[in-house]
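Source file: work20.txt. Holds: compact mmCIF, C-alpha atoms and all ligand atoms.
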# COMPACT_ATOMS: atom_id res chain seq x y z
CA MET A 13 -8.75 2.89 30.23
CA LYS A 14 -5.89 0.36 29.92
CA ALA A 15 -4.86 -1.83 26.99
CA ASP A 16 -1.74 -3.81 26.25
CA VAL A 17 -1.45 -2.37 22.75
CA VAL A 18 -2.99 0.78 21.28
CA ILE A 19 -3.01 0.99 17.49
CA ILE A 20 -3.46 4.53 16.21
CA GLY A 21 -5.31 4.44 12.88
CA GLY A 22 -7.68 1.62 11.99
CA GLY A 23 -7.17 1.65 8.23
CA ILE A 24 -5.93 -1.37 6.34
CA VAL A 25 -2.49 -1.35 7.96
CA GLY A 26 -3.72 -0.74 11.52
CA SER A 27 -6.41 -3.40 11.16
CA SER A 28 -3.86 -5.87 9.81
CA VAL A 29 -1.64 -5.17 12.85
CA ALA A 30 -4.65 -5.79 15.14
CA TYR A 31 -5.50 -9.06 13.40
CA PHE A 32 -1.95 -10.42 13.51
CA LEU A 33 -1.45 -9.35 17.15
CA LEU A 34 -4.47 -11.41 18.11
CA LYS A 35 -3.30 -14.35 16.01
CA GLU A 36 0.11 -14.25 17.71
CA ALA A 37 -1.29 -13.62 21.19
CA PRO A 38 -4.95 -14.64 21.54
CA GLY A 39 -6.71 -12.65 24.23
CA LEU A 40 -4.21 -9.75 24.17
CA PRO A 41 -6.07 -6.50 25.01
CA VAL A 42 -5.78 -4.50 21.76
CA HIS A 43 -7.45 -1.12 21.20
CA VAL A 44 -7.60 0.51 17.77
CA VAL A 45 -8.27 4.24 17.74
CA GLU A 46 -9.95 5.23 14.47
CA PRO A 47 -11.96 8.44 14.16
CA ASP A 48 -13.88 7.60 11.01
CA PRO A 49 -15.76 4.30 10.65
CA THR A 50 -16.80 5.37 7.13
CA TYR A 51 -13.12 5.72 6.08
CA GLU A 52 -14.09 8.59 3.83
CA PHE A 53 -10.55 9.92 3.39
CA ALA A 54 -8.52 6.80 4.20
CA SER A 55 -6.15 5.88 1.39
CA ALA A 56 -7.17 2.23 1.36
CA VAL A 57 -10.67 2.83 0.02
CA ARG A 58 -9.33 5.12 -2.71
CA ALA A 59 -6.61 2.72 -3.85
CA SER A 60 -6.50 0.79 -7.08
CA GLY A 61 -5.87 -2.62 -5.52
CA GLY A 62 -2.70 -3.66 -7.33
CA CYS A 63 -0.48 -6.41 -5.88
CA ARG A 64 2.84 -7.26 -7.51
CA VAL A 65 6.17 -8.86 -6.85
CA GLN A 66 7.96 -6.52 -9.25
CA PHE A 67 10.17 -4.72 -6.74
CA THR A 68 13.94 -4.61 -6.21
CA CYS A 69 14.28 -4.49 -2.40
CA ASP A 70 14.27 -8.03 -0.95
CA GLU A 71 11.81 -7.04 1.76
CA ASN A 72 9.30 -5.61 -0.73
CA ILE A 73 9.45 -8.72 -2.91
CA GLU A 74 8.94 -10.97 0.10
CA MET A 75 6.18 -8.77 1.56
CA SER A 76 4.41 -8.97 -1.81
CA LYS A 77 4.79 -12.74 -1.99
CA PHE A 78 3.24 -13.11 1.44
CA GLY A 79 0.57 -10.48 0.73
CA ILE A 80 -0.53 -12.06 -2.54
CA ALA A 81 -0.74 -15.55 -1.03
CA PHE A 82 -2.66 -14.12 1.93
CA ILE A 83 -5.08 -12.18 -0.28
CA ARG A 84 -5.63 -15.17 -2.55
CA ASP A 85 -6.85 -17.10 0.48
CA PHE A 86 -8.48 -14.10 2.18
CA ASP A 87 -12.15 -14.99 1.73
CA ARG A 88 -11.63 -18.33 3.47
CA THR A 89 -9.33 -17.24 6.32
CA MET A 90 -11.01 -13.93 7.13
CA ALA A 91 -14.69 -14.91 7.11
CA THR A 92 -16.23 -14.36 10.54
CA GLN A 93 -19.26 -15.99 12.19
CA ALA A 94 -21.27 -12.92 11.21
CA SER A 95 -19.92 -11.95 7.79
CA ALA A 96 -18.28 -13.32 4.69
CA ALA A 97 -14.98 -11.77 3.55
CA HIS A 98 -14.55 -10.56 -0.03
CA ALA A 99 -11.11 -9.66 -1.40
CA ASP A 100 -12.27 -10.21 -5.01
CA TRP A 101 -8.80 -11.34 -6.06
CA VAL A 102 -8.11 -11.22 -9.82
CA GLU A 103 -4.93 -12.95 -11.00
CA GLY A 104 -4.63 -10.62 -13.98
CA GLY A 105 -0.83 -10.30 -13.98
CA TYR A 106 1.43 -7.22 -14.02
CA LEU A 107 3.42 -5.89 -16.93
CA PHE A 108 6.27 -3.39 -16.54
CA ILE A 109 7.43 -1.83 -19.82
CA VAL A 110 10.62 0.19 -20.30
CA PRO A 111 12.51 2.08 -23.00
CA PRO A 112 15.82 0.60 -24.27
CA ALA A 113 17.87 2.74 -21.88
CA GLN A 114 16.20 1.08 -18.88
CA LEU A 115 16.28 -2.50 -20.14
CA ALA A 116 19.44 -3.46 -18.24
CA GLY A 117 17.86 -2.23 -15.01
CA LEU A 118 14.69 -4.20 -15.71
CA GLU A 119 16.76 -7.34 -16.38
CA ARG A 120 18.54 -6.85 -13.03
CA SER A 121 15.19 -6.54 -11.25
CA VAL A 122 13.92 -9.69 -12.95
CA ARG A 123 17.00 -11.65 -11.87
CA LYS A 124 16.41 -10.53 -8.30
CA GLN A 125 12.71 -11.46 -8.36
CA ARG A 126 13.50 -14.86 -9.86
CA ALA A 127 16.07 -15.44 -7.12
CA HIS A 128 13.16 -14.99 -4.70
CA GLY A 129 11.24 -17.71 -6.55
CA CYS A 130 8.93 -15.39 -8.50
CA VAL A 131 7.67 -16.31 -11.95
CA VAL A 132 8.72 -13.46 -14.26
CA GLU A 133 8.76 -13.50 -18.06
CA LEU A 134 11.16 -11.10 -19.75
CA LEU A 135 9.62 -10.11 -23.09
CA THR A 136 11.20 -8.50 -26.17
CA PRO A 137 9.19 -5.86 -28.02
CA ALA A 138 8.19 -8.50 -30.60
CA GLU A 139 7.03 -10.86 -27.86
CA LEU A 140 5.12 -8.02 -26.21
CA LYS A 141 3.39 -7.30 -29.50
CA ALA A 142 2.48 -10.95 -29.98
CA LYS A 143 0.99 -11.15 -26.48
CA PHE A 144 -0.69 -7.72 -26.43
CA PRO A 145 -1.41 -6.82 -30.09
CA SER A 146 -2.98 -3.44 -29.30
CA MET A 147 0.24 -2.15 -27.69
CA ASN A 148 2.56 0.25 -29.49
CA VAL A 149 6.01 -1.25 -28.86
CA SER A 150 8.00 0.84 -31.35
CA ASP A 151 9.92 2.77 -28.67
CA LEU A 152 10.18 -0.01 -26.08
CA GLY A 153 13.24 -1.99 -24.99
CA GLY A 154 11.22 -4.75 -23.37
CA GLY A 155 8.87 -5.72 -20.61
CA ALA A 156 8.58 -7.94 -17.55
CA TYR A 157 5.39 -9.91 -17.08
CA THR A 158 4.42 -11.52 -13.77
CA PRO A 159 1.40 -13.73 -14.44
CA HIS A 160 0.63 -14.48 -10.78
CA ASP A 161 0.31 -10.84 -9.74
CA GLY A 162 -3.04 -9.10 -9.87
CA TRP A 163 -5.46 -6.88 -8.02
CA CYS A 164 -8.19 -7.01 -5.42
CA ASP A 165 -10.85 -4.87 -3.77
CA PRO A 166 -9.13 -2.69 -1.11
CA HIS A 167 -12.45 -1.90 0.59
CA GLY A 168 -13.19 -5.62 1.02
CA LEU A 169 -9.68 -6.16 2.35
CA LEU A 170 -9.93 -3.38 4.92
CA TRP A 171 -13.30 -4.57 6.23
CA GLY A 172 -12.23 -8.21 6.21
CA PHE A 173 -9.25 -7.35 8.43
CA ARG A 174 -11.34 -5.13 10.71
CA ARG A 175 -14.20 -7.59 11.19
CA LYS A 176 -11.83 -10.48 11.85
CA ALA A 177 -9.78 -8.43 14.31
CA VAL A 178 -12.99 -7.53 16.16
CA GLU A 179 -14.08 -11.17 16.21
CA LEU A 180 -10.72 -12.05 17.78
CA GLY A 181 -11.21 -9.38 20.46
CA ALA A 182 -9.88 -6.03 19.15
CA VAL A 183 -11.78 -2.99 20.42
CA TYR A 184 -12.24 -0.14 17.91
CA VAL A 185 -12.54 3.22 19.66
CA GLU A 186 -14.21 5.89 17.51
CA ASP A 187 -11.97 8.78 18.44
CA ARG A 188 -8.81 10.59 17.39
CA VAL A 189 -5.40 10.63 19.09
CA GLU A 190 -4.61 14.23 19.95
CA ALA A 191 -1.66 13.96 22.33
CA ALA A 192 0.68 11.53 24.05
CA GLU A 193 2.05 11.25 27.58
CA ALA A 194 5.49 9.79 28.16
CA ASP A 195 8.24 9.58 30.73
CA ALA A 196 11.96 9.52 29.89
CA THR A 197 11.92 5.98 28.48
CA LYS A 198 8.38 5.07 27.48
CA VAL A 199 5.11 6.30 26.05
CA ARG A 200 2.57 5.85 28.87
CA SER A 201 -0.74 6.85 27.28
CA VAL A 202 -2.49 8.60 24.45
CA VAL A 203 -5.07 11.32 24.96
CA LEU A 204 -8.05 11.31 22.60
CA ALA A 205 -10.13 14.16 21.21
CA SER A 206 -12.94 13.20 23.61
CA GLY A 207 -10.56 13.73 26.53
CA GLN A 208 -10.36 10.01 27.21
CA ARG A 209 -6.91 8.60 28.01
CA ILE A 210 -5.73 5.09 27.11
CA GLU A 211 -2.66 3.63 28.81
CA ALA A 212 -0.76 0.77 27.20
CA ASP A 213 2.55 -1.05 27.08
CA ALA A 214 2.98 -0.62 23.33
CA PHE A 215 1.71 1.87 20.76
CA VAL A 216 1.59 1.59 16.97
CA ASN A 217 1.39 4.54 14.60
CA ALA A 218 -0.53 3.22 11.57
CA CYS A 219 -1.97 6.52 10.38
CA GLY A 220 -1.00 6.34 6.71
CA ALA A 221 -0.76 9.85 5.24
CA TRP A 222 -1.39 11.28 8.73
CA ALA A 223 1.49 9.30 10.27
CA GLY A 224 3.99 12.18 10.15
CA ALA A 225 1.56 14.50 11.94
CA VAL A 226 0.73 11.84 14.53
CA ALA A 227 4.42 11.04 15.13
CA ALA A 228 4.98 14.74 15.89
CA LYS A 229 2.48 14.48 18.78
CA PHE A 230 5.00 12.09 20.40
CA GLY A 231 7.92 14.37 19.58
CA MET A 232 9.13 12.01 16.84
CA GLN A 233 10.22 13.22 13.43
CA LEU A 234 8.86 10.99 10.69
CA PRO A 235 9.33 12.17 7.09
CA VAL A 236 5.99 10.81 5.87
CA ALA A 237 3.94 13.38 3.98
CA PRO A 238 0.52 13.31 2.30
CA MET A 239 0.79 13.39 -1.50
CA ARG A 240 -2.37 13.66 -3.60
CA ARG A 241 -2.83 11.19 -6.43
CA PHE A 242 -5.67 10.92 -8.93
CA GLU A 243 -7.31 7.68 -9.96
CA HIS A 244 -9.61 7.52 -13.00
CA TYR A 245 -12.22 5.14 -14.32
CA PHE A 246 -12.16 5.23 -18.13
CA THR A 247 -13.20 3.26 -21.17
CA ALA A 248 -11.25 2.72 -24.40
CA GLY A 249 -12.56 4.04 -27.69
CA ALA A 250 -12.12 0.68 -29.46
CA PRO A 251 -11.90 -3.00 -28.46
CA VAL A 252 -8.72 -4.03 -26.58
CA GLU A 253 -7.60 -7.54 -25.63
CA ALA A 254 -7.50 -8.49 -21.93
CA LEU A 255 -4.62 -6.57 -20.38
CA PRO A 256 -2.65 -7.12 -17.17
CA TYR A 257 -1.92 -4.24 -14.78
CA VAL A 258 0.34 -2.17 -17.06
CA LYS A 259 2.99 0.16 -15.65
CA ASP A 260 5.58 2.19 -17.51
CA ALA A 261 8.70 4.08 -16.54
CA ALA A 262 6.84 7.41 -16.53
CA ARG A 263 4.49 6.00 -13.85
CA LEU A 264 1.45 5.46 -16.07
CA ALA A 265 -0.40 2.58 -14.40
CA PHE A 266 -3.76 1.04 -15.21
CA ARG A 267 -5.72 -2.21 -15.13
CA SER A 268 -9.08 -3.46 -16.31
CA GLU A 269 -12.14 -2.86 -14.13
CA GLY A 270 -15.56 -4.02 -15.24
CA LYS A 271 -16.13 -2.90 -18.82
CA GLY A 272 -13.37 -0.30 -18.58
CA PHE A 273 -10.10 0.52 -16.84
CA SER A 274 -8.95 2.03 -13.56
CA GLY A 275 -5.64 3.84 -13.28
CA GLY A 276 -3.68 7.03 -13.42
CA LEU A 277 -0.29 8.64 -13.82
CA VAL A 278 1.50 9.51 -10.59
CA ASP A 279 2.98 13.01 -10.34
CA GLY A 280 5.77 12.74 -7.76
CA ALA A 281 6.16 16.55 -7.79
CA GLU A 282 2.61 17.03 -6.49
CA PRO A 283 2.74 19.56 -3.62
CA ARG A 284 2.43 17.81 -0.25
CA GLY A 285 -0.65 18.39 1.87
CA PHE A 286 -4.11 17.13 2.78
CA ASN A 287 -5.65 18.12 -0.52
CA PHE A 288 -8.55 16.08 -1.90
CA ASP A 289 -9.58 18.54 -4.64
CA VAL A 290 -10.11 16.87 -8.00
CA ASP A 291 -8.55 18.27 -11.15
CA HIS A 292 -11.06 17.16 -13.78
CA GLY A 293 -8.69 18.17 -16.56
CA TYR A 294 -5.86 15.87 -15.40
CA PHE A 295 -7.00 12.83 -17.35
CA GLU A 296 -7.25 14.66 -20.66
CA ARG A 297 -4.06 16.65 -20.12
CA VAL A 298 -1.76 13.99 -18.66
CA VAL A 299 -3.18 10.47 -18.66
CA TRP A 300 -4.92 10.32 -22.03
CA PRO A 301 -1.85 11.33 -24.13
CA ALA A 302 0.23 8.65 -22.39
CA VAL A 303 -2.31 5.86 -22.64
CA ALA A 304 -3.30 6.70 -26.23
CA GLU A 305 0.31 6.76 -27.35
CA ARG A 306 0.95 3.34 -25.83
CA PHE A 307 -2.41 1.84 -26.91
CA PRO A 308 -3.85 3.61 -29.96
CA ALA A 309 -7.22 1.95 -29.21
CA PHE A 310 -7.48 4.53 -26.41
CA GLU A 311 -7.37 7.43 -28.88
CA ALA A 312 -11.09 8.02 -28.20
CA ALA A 313 -10.92 7.01 -24.51
CA LYS A 314 -13.52 8.52 -22.22
CA CYS A 315 -12.95 9.32 -18.56
CA HIS A 316 -16.10 8.62 -16.54
CA ARG A 317 -14.88 9.46 -13.06
CA THR A 318 -11.83 10.93 -11.33
CA TRP A 319 -11.16 10.76 -7.61
CA SER A 320 -8.25 11.78 -5.42
CA GLY A 321 -6.51 9.99 -2.59
CA LEU A 322 -3.34 10.39 -0.59
CA TYR A 323 -0.08 8.53 -0.90
CA GLU A 324 1.75 8.33 2.43
CA GLN A 325 5.04 9.41 0.90
CA ASN A 326 8.27 8.64 2.73
CA GLU A 327 10.36 11.60 1.62
CA LEU A 328 13.67 9.88 2.40
CA ASP A 329 13.39 6.85 0.12
CA GLY A 330 9.80 5.91 -0.78
CA ASN A 331 9.89 2.78 1.38
CA PRO A 332 7.93 2.15 4.57
CA VAL A 333 9.20 2.71 8.08
CA ILE A 334 8.46 -0.41 10.10
CA GLY A 335 9.62 -0.90 13.69
CA PRO A 336 10.27 0.77 17.03
CA TRP A 337 11.41 4.34 17.65
CA THR A 338 14.80 3.02 18.64
CA ASN A 339 16.63 6.20 19.60
CA GLY A 340 13.55 7.69 21.27
CA LEU A 341 10.68 5.93 23.05
CA PRO A 342 10.99 2.35 21.78
CA ASN A 343 7.50 1.21 22.81
CA LEU A 344 6.17 3.45 20.01
CA HIS A 345 6.18 1.48 16.77
CA THR A 346 5.70 2.89 13.31
CA VAL A 347 4.21 1.15 10.31
CA ALA A 348 3.75 3.84 7.68
CA GLY A 349 5.30 5.51 4.67
CA PHE A 350 4.47 2.80 2.13
CA SER A 351 4.40 5.50 -0.57
CA GLY A 352 1.58 3.92 -2.54
CA HIS A 353 2.18 0.22 -1.80
CA GLY A 354 0.57 -0.13 1.60
CA MET A 355 -2.43 -2.19 0.60
CA MET A 356 -0.41 -5.06 -0.86
CA HIS A 357 2.13 -4.89 1.98
CA ALA A 358 -0.39 -4.54 4.82
CA PRO A 359 -0.54 -8.28 5.58
CA ALA A 360 3.24 -8.75 5.88
CA ALA A 361 3.85 -5.45 7.68
CA GLY A 362 1.03 -6.18 10.15
CA ARG A 363 2.46 -9.61 10.83
CA GLY A 364 5.96 -8.14 11.30
CA ILE A 365 4.88 -5.52 13.85
CA ALA A 366 2.84 -8.13 15.70
CA GLU A 367 5.91 -10.39 15.95
CA LEU A 368 8.04 -7.51 17.24
CA ILE A 369 5.52 -6.58 19.92
CA VAL A 370 4.64 -10.11 21.02
CA HIS A 371 8.02 -11.86 20.66
CA GLY A 372 10.47 -8.97 20.67
CA GLN A 373 11.85 -10.03 17.29
CA TYR A 374 10.89 -10.86 13.71
CA ARG A 375 10.08 -14.54 13.40
CA THR A 376 9.14 -14.88 9.74
CA LEU A 377 10.35 -12.08 7.52
CA ASP A 378 13.21 -9.87 8.75
CA LEU A 379 12.14 -6.27 8.13
CA ALA A 380 14.96 -4.69 10.15
CA ARG A 381 16.37 -2.81 7.13
CA LEU A 382 13.07 -0.93 6.95
CA GLY A 383 13.46 0.30 10.53
CA TYR A 384 13.63 3.89 11.76
CA GLU A 385 17.42 3.73 12.11
CA ARG A 386 17.91 4.63 8.46
CA ILE A 387 15.82 7.77 8.93
CA VAL A 388 18.01 8.89 11.84
CA ALA A 389 21.15 8.10 9.84
CA GLY A 390 19.70 9.81 6.73
CA LYS A 391 20.60 6.70 4.70
CA PRO A 392 17.98 5.96 2.06
CA TYR A 393 17.07 2.36 1.25
CA ALA A 394 15.17 2.85 -1.99
CA GLU A 395 13.60 0.84 -4.77
CA GLU A 396 15.60 0.91 -7.99
CA GLY A 397 12.87 -0.11 -10.42
CA ILE A 398 9.56 1.39 -11.46
CA LEU A 399 7.61 2.86 -8.53
C1 LIG B 1 -5.10 6.57 -5.77
C2 LIG B 1 -4.35 5.56 -4.96
C3 LIG B 1 -4.03 4.33 -5.51
C4 LIG B 1 -3.34 3.38 -4.77
N1 LIG B 1 -3.08 2.15 -5.33
C5 LIG B 1 -2.48 1.19 -4.59
C6 LIG B 1 -2.25 -0.10 -5.14
O1 LIG B 1 -2.58 -0.36 -6.30
N2 LIG B 1 -1.65 -1.04 -4.35
C7 LIG B 1 -1.27 -0.76 -3.05
O2 LIG B 1 -0.74 -1.64 -2.38
N3 LIG B 1 -1.48 0.45 -2.51
C8 LIG B 1 -2.06 1.43 -3.25
N4 LIG B 1 -2.26 2.67 -2.72
C9 LIG B 1 -1.70 2.96 -1.38
C10 LIG B 1 -2.55 2.43 -0.27
O3 LIG B 1 -3.88 2.90 -0.40
C11 LIG B 1 -1.97 2.87 1.06
O4 LIG B 1 -0.59 2.56 1.09
C12 LIG B 1 -2.65 2.17 2.23
O5 LIG B 1 -4.02 2.35 2.16
C13 LIG B 1 -2.13 2.69 3.55
O6 LIG B 1 -2.95 2.14 4.54
P1 LIG B 1 -3.02 2.79 5.98
O7 LIG B 1 -3.92 1.95 6.79
O8 LIG B 1 -1.65 3.03 6.45
O9 LIG B 1 -3.63 4.23 5.71
P2 LIG B 1 -5.21 4.69 5.60
O10 LIG B 1 -5.94 3.66 4.84
O11 LIG B 1 -5.18 6.06 5.10
O12 LIG B 1 -5.62 4.64 7.12
C14 LIG B 1 -5.09 5.56 8.08
C15 LIG B 1 -6.14 5.81 9.13
O13 LIG B 1 -5.59 6.63 10.16
C16 LIG B 1 -6.65 7.38 10.70
N5 LIG B 1 -6.12 8.52 11.45
C17 LIG B 1 -5.60 9.67 10.97
N6 LIG B 1 -5.26 10.49 11.98
C18 LIG B 1 -5.55 9.84 13.15
C19 LIG B 1 -5.42 10.16 14.53
N7 LIG B 1 -4.89 11.34 14.94
N8 LIG B 1 -5.85 9.25 15.46
C20 LIG B 1 -6.33 8.05 15.06
N9 LIG B 1 -6.48 7.69 13.76
C21 LIG B 1 -6.10 8.58 12.81
C22 LIG B 1 -7.46 7.78 9.47
O14 LIG B 1 -8.80 8.11 9.82
C23 LIG B 1 -7.37 6.54 8.59
O15 LIG B 1 -8.50 5.72 8.65
C24 LIG B 1 -2.94 3.65 -3.43
C25 LIG B 1 -3.27 4.89 -2.87
C26 LIG B 1 -3.96 5.84 -3.62
C27 LIG B 1 -4.30 7.15 -2.98
Please rewrite the model in this file as structure tokens.
Ligand SMILES: Cc1cc2nc3c(=O)[nH]c(=O)nc-3n(C[C@H](O)[C@H](O)[C@H](O)COP(=O)(O)OP(=O)(O)OC[C@H]3O[C@@H](n4cnc5c(N)ncnc54)[C@H](O)[C@@H]3O)c2cc1C
Amino acid sequence: MKADVVIIGGGIVGSSVAYFLLKEAPGLPVHVVEPDPTYEFASAVRASGGCRVQFTCDENIEMSKFGIAFIRDFDRTMATQASAAHADWVEGGYLFIVPPAQLAGLERSVRKQRAHGCVVELLTPAELKAKFPSMNVSDLGGGAYTPHDGWCDPHGLLWGFRRKAVELGAVYVEDRVEAAEADATKVRSVVLASGQRIEADAFVNACGAWAGAVAAKFGMQLPVAPMRRFEHYFTAGAPVEALPYVKDAARLAFRSEGKGFSGGLVDGAEPRGFNFDVDHGYFERVVWPAVAERFPAFEAAKCHRTWSGLYEQNELDGNPVIGPWTNGLPNLHTVAGFSGHGMMHAPAAGRGIAELIVHGQYRTLDLARLGYERIVAGKPYAEEGIL
């Protein structure tokens, strides 16, 4: 079988790449290899859906701006002849809160985001209390509120991208990439679990938490590792005003969902591996003390459900790797390692890879600083704010 581009992994990122390739180059033969059409373990369908401009790296801020605008308009642009698209966008806002020692850093981040044209309100503890009366602000230095951020339904986003890509001509192959064949300068083909072989001019590794393992099949070292993270659905024990997506410096993060809340507390020290076991004591042990201290109304909070998913953690700097394998086989592109931000950045990253493949250069947003070169050089390019 022959294609022009083979995308490995048909999750939200791979499907975004497929969509943007076919927007840039209508009629381009694009194959997406995805073993699981139910996406049982894919990170996208286990994600919490948050989209925010509160980053410090220019690329992340700009990718979020594009992603949020794209998602806001998603239902209209991504509807196909056969199906409606549903991103279920909620402009609920984001609120980052920090202790006094981190206030200067937060102020720096806010200045950067404003320089990118983002609307960000810097709030004193008293202003926080006035806006969110149920919050305990006694130990806080301040907060940054971005009213045009929000959240969406990751499942709807993934399927919207996939259905639209298929309508534009992408072929999804239900199989798994097991091996690659290359000569001295180029990847020639991938070999699938079924034994089938697909030749192409360009290949894209969009395998999320599996991206490191898939890169190794090409002989490429990619420091992207699977890191388990729990997400919980819980209700408060007493009435609480409408809250934005709240994040603190200890990585507590939650937002409203239906009559309750969805969120968790990321443990960056979680051992790496493909582990989907659920620790049903995690909420009570780790999340509840943090949320109840910040919002006493959650003193009697009840956790209704806990699930696990994988972050695709870039061990060098927590930012994605986007671009060609420059010092190896440059027709293999990587778009992985988003370290928990890949849903909101899927539209911009997909567009970027499509531009590189079709035009040989970035045409909209320059993502060169997120390229593989920094991995080879061992030079991290990390976020400075809250992760
Ligand atoms: C609990 C949780 C909460 C999150 N919250 C947010 C959030 O609020 N906002 C946000 O932006 N992001 C969030 N994320 C991160 C986000 O889910 C990921 O960054 C994003 O889904 C990555 O998309 P992906 O397509 O790269 O990976 P996936 O969605 O995991 O897709 C990768 C695909 O590759 C396929 N694959 C694997 N191996 C092979 C192979 N050998 N051959 C072919 N295909 C293969 C898999 O079957 C899978 O479908 C969260 C993640 C978790 C776990």
* **Residue neighbourhood A:Gly276, 8 Å, only C-alpha atoms, exclusion window fewer than 6 positions, as a PyMOL selection string** => chain A and resi 242-244+264-266+295+299
* Near-A:Tyr31 list (9 Å; only C-alpha atoms; drop same-chain fewer than 5 positions) as a list of chain:residue names ->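 Surrounding residues, per the criterion: A:Gly26, A:Glu36, A:Phe173, A:Arg174, A:Lys176, A:Ala177, A:Val178, A:Leu180, A:Ala182, A:Gly362, A:Arg363, A:Ala366.
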Next, the residues of the selection above should be written as an mmCIF file, in the frame of the given file with C-alpha atoms.
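Below is the file that was written, out_28.cif:
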data_model
loop_
_atom_site.group_PDB
_atom_site.id
_atom_site.type_symbol
_atom_site.label_atom_id
_atom_site.label_comp_id
_atom_site.auth_asym_id
_atom_site.auth_seq_id
_atom_site.Cartn_x
_atom_site.Cartn_y
_atom_site.Cartn_z
ATOM 1 C CA GLY A 26 -3.720 -0.740 11.520
ATOM 2 C CA GLU A 36 0.110 -14.250 17.710
ATOM 3 C CA PHE A 173 -9.250 -7.350 8.430
ATOM 4 C CA ARG A 174 -11.340 -5.130 10.710
ATOM 5 C CA LYS A 176 -11.830 -10.480 11.850
ATOM 6 C CA ALA A 177 -9.780 -8.430 14.310
ATOM 7 C CA VAL A 178 -12.990 -7.530 16.160
ATOM 8 C CA LEU A 180 -10.720 -12.050 17.780
ATOM 9 C CA ALA A 182 -9.880 -6.030 19.150
ATOM 10 C CA GLY A 362 1.030 -6.180 10.150
ATOM 11 C CA ARG A 363 2.460 -9.610 10.830
ATOM 12 C CA ALA A 366 2.840 -8.130 15.700
#
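Compared by their closest atoms to ligand LIG 1 (chain B), and using all atoms listed in the file, the residues A:Tyr384, A:Phe78, A:Phe53, A:Tyr374 rank with A:Phe53 nearest.
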* Record the distance separating atom CA of A:Gly220 and atom CA of A:Ala361, expressed in Å with one decimal. =>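 If I compute the distance from atom CA of A:Gly220 to atom CA of A:Ala361, I get 12.8 Å.
For the choices A:Gly79, A:Gly23, A:Gly270, A:Gly390, the atom-to-atom distance to A:Val44 is smallest for A:Gly23 when using all atoms listed in the file.
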* **10 Å contact set for A:Pro145, only C-alpha atoms, chain neighbours under 5 positions out, as number ranges by chain** => A: 138-140, 252-253, 307
* How many Å lie between atom CA of A:Phe215 and atom CA of A:Val18, rounded to one decimal? ->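 Computed distance, atom CA of A:Phe215 to atom CA of A:Val18, equals 4.9 Å.
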* So how many Å separate atom CA of A:Val290 and atom CA of A:Arg240, to one decimal? -> 9.5 Å
* Given all atoms listed in the file as the counted atoms, nearest of A:Pro342, A:Val149, A:Thr376, A:Val42 to A:Ala194 ->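 Checking each of A:Pro342, A:Val149, A:Thr376, A:Val42 against A:Ala194, counting all atoms listed in the file, the winner is A:Pro342.
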* Asked: Hey, which of A:Arg386, A:Lys14, A:His292, A:Arg306 ends up closest to A:Asn148? Count all atoms listed in the file.
  ->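 Distance minimum relative to A:Asn148 lands on A:Arg306.
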* Close residues, A:Phe230 itself excluded, 9 Å, all atoms listed in the file, min 4 positions apart in chain, as a list in words -> Ala191, Ala192, Glu193, Ala194, Val199, Val226, Leu341 and Leu344 of chain A
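Considering all atoms listed in the file, the residue among A:Arg267, A:His345, A:Arg297, A:Lys391 positioned nearest to A:Leu328 is A:Lys391.
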* Which residue gives the smallest distance to A:Leu40 among A:Ile334, A:Ala228, A:Ala127, A:Ala214, with all atoms listed in the file counted? ->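 Ranking A:Ile334, A:Ala228, A:Ala127, A:Ala214 by distance to A:Leu40, first place goes to A:Ala214.
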* To do: May I have the residues within 6 Å of A:Gln325 as a PyMOL selection string, using only C-alpha atoms and disregarding those fewer than 2 positions away in the same chain?
  => chain A and resi 236-237+323+327+349+351
* **Expected answer as a VMD selection string: all residues with atoms within 10 Å of (-16.8, 8.1, -15.3), only C-alpha atoms** => chain A and resid 244 to 247 272 314 to 319
* Take the point (9.0, -5.9, 3.5) as written in the file and pick out every residue within 8 Å of it, counting all atoms listed in the file; give the list as an MDAnalysis selection string. => chainID A and resid 70:76 357 360:361 377:379 382
Give the centre and edge lengths of an axis-aligned box, in Å to one decimal, that holds all listed atoms of stretch 239-249 of chain A with 4 Å on each side, as AutoDock Vina command-line options.
--center_x -6.2 --center_y 8.2 --center_z -14.6 --size_x 22.0 --size_y 18.9 --size_z 34.2
